[in-house]
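Worksheet for the structure shown next.
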Amino acid sequence: MKRAGKAFFTENLLIWNSEINTRNMPWKGEKDPYRIWLSEIILQQTRVEQGWPYYERFIKAYPTVNHLARASDDEVFRHWQGLGYYNRCRNMLAAARTISKDYQGQFPHTYESILALKGVGAYTAAAIASFAYGLPHAVVDGNVYRVLARYFGIQTPTDTTEGKKEFTLLAGELLDKTQSAAYNQAIMDFGAVVCKPQQPACSSCPLSTQCLAYQTGRVEQLPLKTKKIMIRQRFFYYIILIYNKQVYIRKRKEKDIWQNLHEFILLEQPCPVTQAELLASEGYRAALPGVSFKVEGLSAPYKQQLTHQTIIAQFLTLRGKGRAPALEGYQLVPQSMLNDYAFPKTITSYLEKSALGLTLF
DNA sequence: AATGCGGGGTT
DNA sequence: AACCCAGCATT
């Protein structure tokens, strides 16, 4: 690719990094590959400010990869609760156990072996390889797409195969291979601090004189993306069935949102229904055959916006009479134990607001 | 090549 | 309401 200003870009980015950049984060300059890996998994599609406290808690709870590998799934998911994209947690655990068993707890040392770990893609492998071992692999994340698209005026959409190839190739050409860790850290910090998505600091940008987007007034338009996602609505009705300070929950197993998190008895409906309609529904009869109870009440709707779906959840509390029946797929747990299980945000929000987890439980 | 996967901040 | 965030796995 023959593009103008490549040498200027790398040189001045590194000058900005050493002379102006003051960004500080707990994992910055870290050389322990386990800690670097942990931070990178947590930060996938996650803002630094959001991931920061999770990183601190994980390092404290699991100081080494062997500690993490030995932990139970449910305990680790409880630590991950609220961070989202829960398959990251499952893959992280699988990778920790691979490293503990197949590598005797020693983190793999090559780009290819790092890339082979569950939950590690091209970005994360490049980050670990460069930060921990100084290997010459350029990171390509959302920051890099934005910085390069603007500086070089690239109009190829970033969410296509062609775009990924083009940006990855260019990023590799720009990398200073003698200091790949510093360079990779610099370009991401630069994207976060100067070349931000909104209101970039072009007036104080040391690259603006050679920035094609800035020179042609297209900074706000770049980078380009193509896909527009359709957002689906779903109506969740959770039955909180209580018998003597115990409540039914289950772990979500199906290929759907919130896999491996817990929930109450779920009746999903294709459209909103009233309390009476819910109790008369086919789903209710199938889930709770012959259960006798007293209705405590239906909660207000709890709305949660996900990337591809809007979840509208309501909670119906039922006080069971007589003996607690066995319900297929559900377990009966004491209300005081709910804090040991990981729940999606919608449910923890309800539990906090209703004080169900505090006073009643 | 397209799609699904959370939760939160910013504008 | 729309967009984005230290992306990845699956189909």
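Within each chain, counting starts at residue 1; across the structure tokens, chains are named A, B, ... in the order shown, with ligands numbered 1 upward in that order.
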
Exercise. Mind listing as a PyMOL selection string which residues of chain B are within 8 Å of chain A, counting only C-alpha atoms (C1' of nucleotides)?
Worked result: chain B and resi 1+4-8+11

Those same residues - N, CA, C and O atoms (P, O5', C5', C4', C3', O3' and C1' of nucleotides) - I'd like them written as a PDB file, in the first residue's frame.
```pdb
ATOM      1  P    DA B   1     -15.805 -12.211   2.442  1.00  0.00           P
ATOM      2  O5'  DA B   1     -17.292 -12.399   2.966  1.00  0.00           O
ATOM      3  C5'  DA B   1     -18.335 -12.715   2.062  1.00  0.00           C
ATOM      4  C4'  DA B   1     -19.664 -12.703   2.794  1.00  0.00           C
ATOM      5  C3'  DA B   1     -19.951 -11.405   3.545  1.00  0.00           C
ATOM      6  O3'  DA B   1     -21.347 -11.133   3.469  1.00  0.00           O
ATOM      7  C1'  DA B   1     -19.847 -13.207   5.080  1.00  0.00           C
ATOM      8  P    DG B   4     -28.894 -12.153  14.603  1.00  0.00           P
ATOM      9  O5'  DG B   4     -28.223 -12.575  15.977  1.00  0.00           O
ATOM     10  C5'  DG B   4     -27.980 -13.941  16.237  1.00  0.00           C
ATOM     11  C4'  DG B   4     -27.126 -14.083  17.471  1.00  0.00           C
ATOM     12  C3'  DG B   4     -27.544 -13.169  18.630  1.00  0.00           C
ATOM     13  O3'  DG B   4     -27.522 -13.938  19.811  1.00  0.00           O
ATOM     14  C1'  DG B   4     -25.267 -12.831  18.117  1.00  0.00           C
ATOM     15  P    DC B   5     -28.184 -13.419  21.098  1.00  0.00           P
ATOM     16  O5'  DC B   5     -26.927 -13.059  21.997  1.00  0.00           O
ATOM     17  C5'  DC B   5     -26.027 -14.102  22.343  1.00  0.00           C
ATOM     18  C4'  DC B   5     -24.783 -13.494  22.913  1.00  0.00           C
ATOM     19  C3'  DC B   5     -25.066 -12.434  23.987  1.00  0.00           C
ATOM     20  O3'  DC B   5     -24.311 -12.745  25.137  1.00  0.00           O
ATOM     21  C1'  DC B   5     -23.492 -11.651  22.418  1.00  0.00           C
ATOM     22  P    DG B   6     -24.771 -12.133  26.506  1.00  0.00           P
ATOM     23  O5'  DG B   6     -24.881 -10.611  26.037  1.00  0.00           O
ATOM     24  C5'  DG B   6     -25.710  -9.722  26.681  1.00  0.00           C
ATOM     25  C4'  DG B   6     -25.098  -9.230  27.984  1.00  0.00           C
ATOM     26  C3'  DG B   6     -25.994  -8.277  28.740  1.00  0.00           C
ATOM     27  O3'  DG B   6     -25.548  -8.309  30.085  1.00  0.00           O
ATOM     28  C1'  DG B   6     -24.183  -7.084  27.818  1.00  0.00           C
ATOM     29  P    DG B   7     -26.432  -7.728  31.210  1.00  0.00           P
ATOM     30  O5'  DG B   7     -25.784  -6.300  31.468  1.00  0.00           O
ATOM     31  C5'  DG B   7     -24.454  -6.246  31.967  1.00  0.00           C
ATOM     32  C4'  DG B   7     -23.903  -4.875  31.719  1.00  0.00           C
ATOM     33  C3'  DG B   7     -24.822  -3.721  32.173  1.00  0.00           C
ATOM     34  O3'  DG B   7     -24.139  -3.032  33.194  1.00  0.00           O
ATOM     35  C1'  DG B   7     -23.843  -3.307  30.062  1.00  0.00           C
ATOM     36  P    DG B   8     -24.822  -1.831  33.965  1.00  0.00           P
ATOM     37  O5'  DG B   8     -24.026  -0.588  33.368  1.00  0.00           O
ATOM     38  C5'  DG B   8     -22.607  -0.635  33.317  1.00  0.00           C
ATOM     39  C4'  DG B   8     -22.096   0.500  32.476  1.00  0.00           C
ATOM     40  C3'  DG B   8     -22.783   1.847  32.744  1.00  0.00           C
ATOM     41  O3'  DG B   8     -21.776   2.829  32.852  1.00  0.00           O
ATOM     42  C1'  DG B   8     -22.774   1.395  30.459  1.00  0.00           C
ATOM     43  P    DT B  11     -19.716  13.803  25.626  1.00  0.00           P
ATOM     44  O5'  DT B  11     -20.775  13.974  24.464  1.00  0.00           O
ATOM     45  C5'  DT B  11     -20.570  13.279  23.234  1.00  0.00           C
ATOM     46  C4'  DT B  11     -21.812  13.385  22.372  1.00  0.00           C
ATOM     47  C3'  DT B  11     -22.481  14.761  22.396  1.00  0.00           C
ATOM     48  O3'  DT B  11     -22.707  15.184  21.061  1.00  0.00           O
ATOM     49  C1'  DT B  11     -24.057  13.076  22.815  1.00  0.00           C
TER      50       DT B  11
END
```

For this session: Compile the residues of chain C that lie within 7 Å of chain A, evaluated using only C-alpha atoms (C1' of nucleotides), and express the compilation as a count of residues only.
Result: 4

Exercise. Among stretch 175-351 of chain A, which residues carry a DSSP assignment of strand (DSSP E), reported as a count of residues only?
Worked result: 51

Extract, using only C-alpha atoms (C1' of nucleotides), all DNA, RNA and protein residues at most 8 Å from A:Gly134, discarding same-chain residues fewer than 5 positions from it, and format them as a CSV table (one decimal) with all heavy atoms, in the first residue's frame.
```
chain,number,residue,atom,x,y,z
A,129,ALA,N,1.2,-10.7,23.1
A,129,ALA,CA,2.5,-11.0,22.5
A,129,ALA,C,3.4,-9.8,22.6
A,129,ALA,O,4.6,-9.9,22.8
A,129,ALA,CB,2.4,-11.5,21.0
A,179,GLN,N,10.0,-1.5,19.3
A,179,GLN,CA,9.3,-1.1,20.5
A,179,GLN,C,7.8,-1.3,20.4
A,179,GLN,O,7.0,-0.4,20.5
A,179,GLN,CB,9.6,0.3,21.0
A,179,GLN,CG,9.6,1.3,19.9
A,179,GLN,CD,9.9,2.7,20.4
A,179,GLN,OE1,9.5,3.1,21.5
A,179,GLN,NE2,10.6,3.5,19.6
A,180,SER,N,7.4,-2.6,20.1
A,180,SER,CA,6.0,-2.9,19.7
A,180,SER,C,5.1,-2.6,20.9
A,180,SER,O,4.0,-2.2,20.8
A,180,SER,CB,5.9,-4.3,19.2
A,180,SER,OG,6.5,-5.2,20.0
A,181,ALA,N,5.6,-2.9,22.1
A,181,ALA,CA,4.7,-2.7,23.3
A,181,ALA,C,4.4,-1.2,23.4
A,181,ALA,O,3.2,-0.8,23.6
A,181,ALA,CB,5.4,-3.2,24.6
```

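The coordinates place atom CA of A:Ala171 at 24.7 Å from atom CA of A:Arg35.
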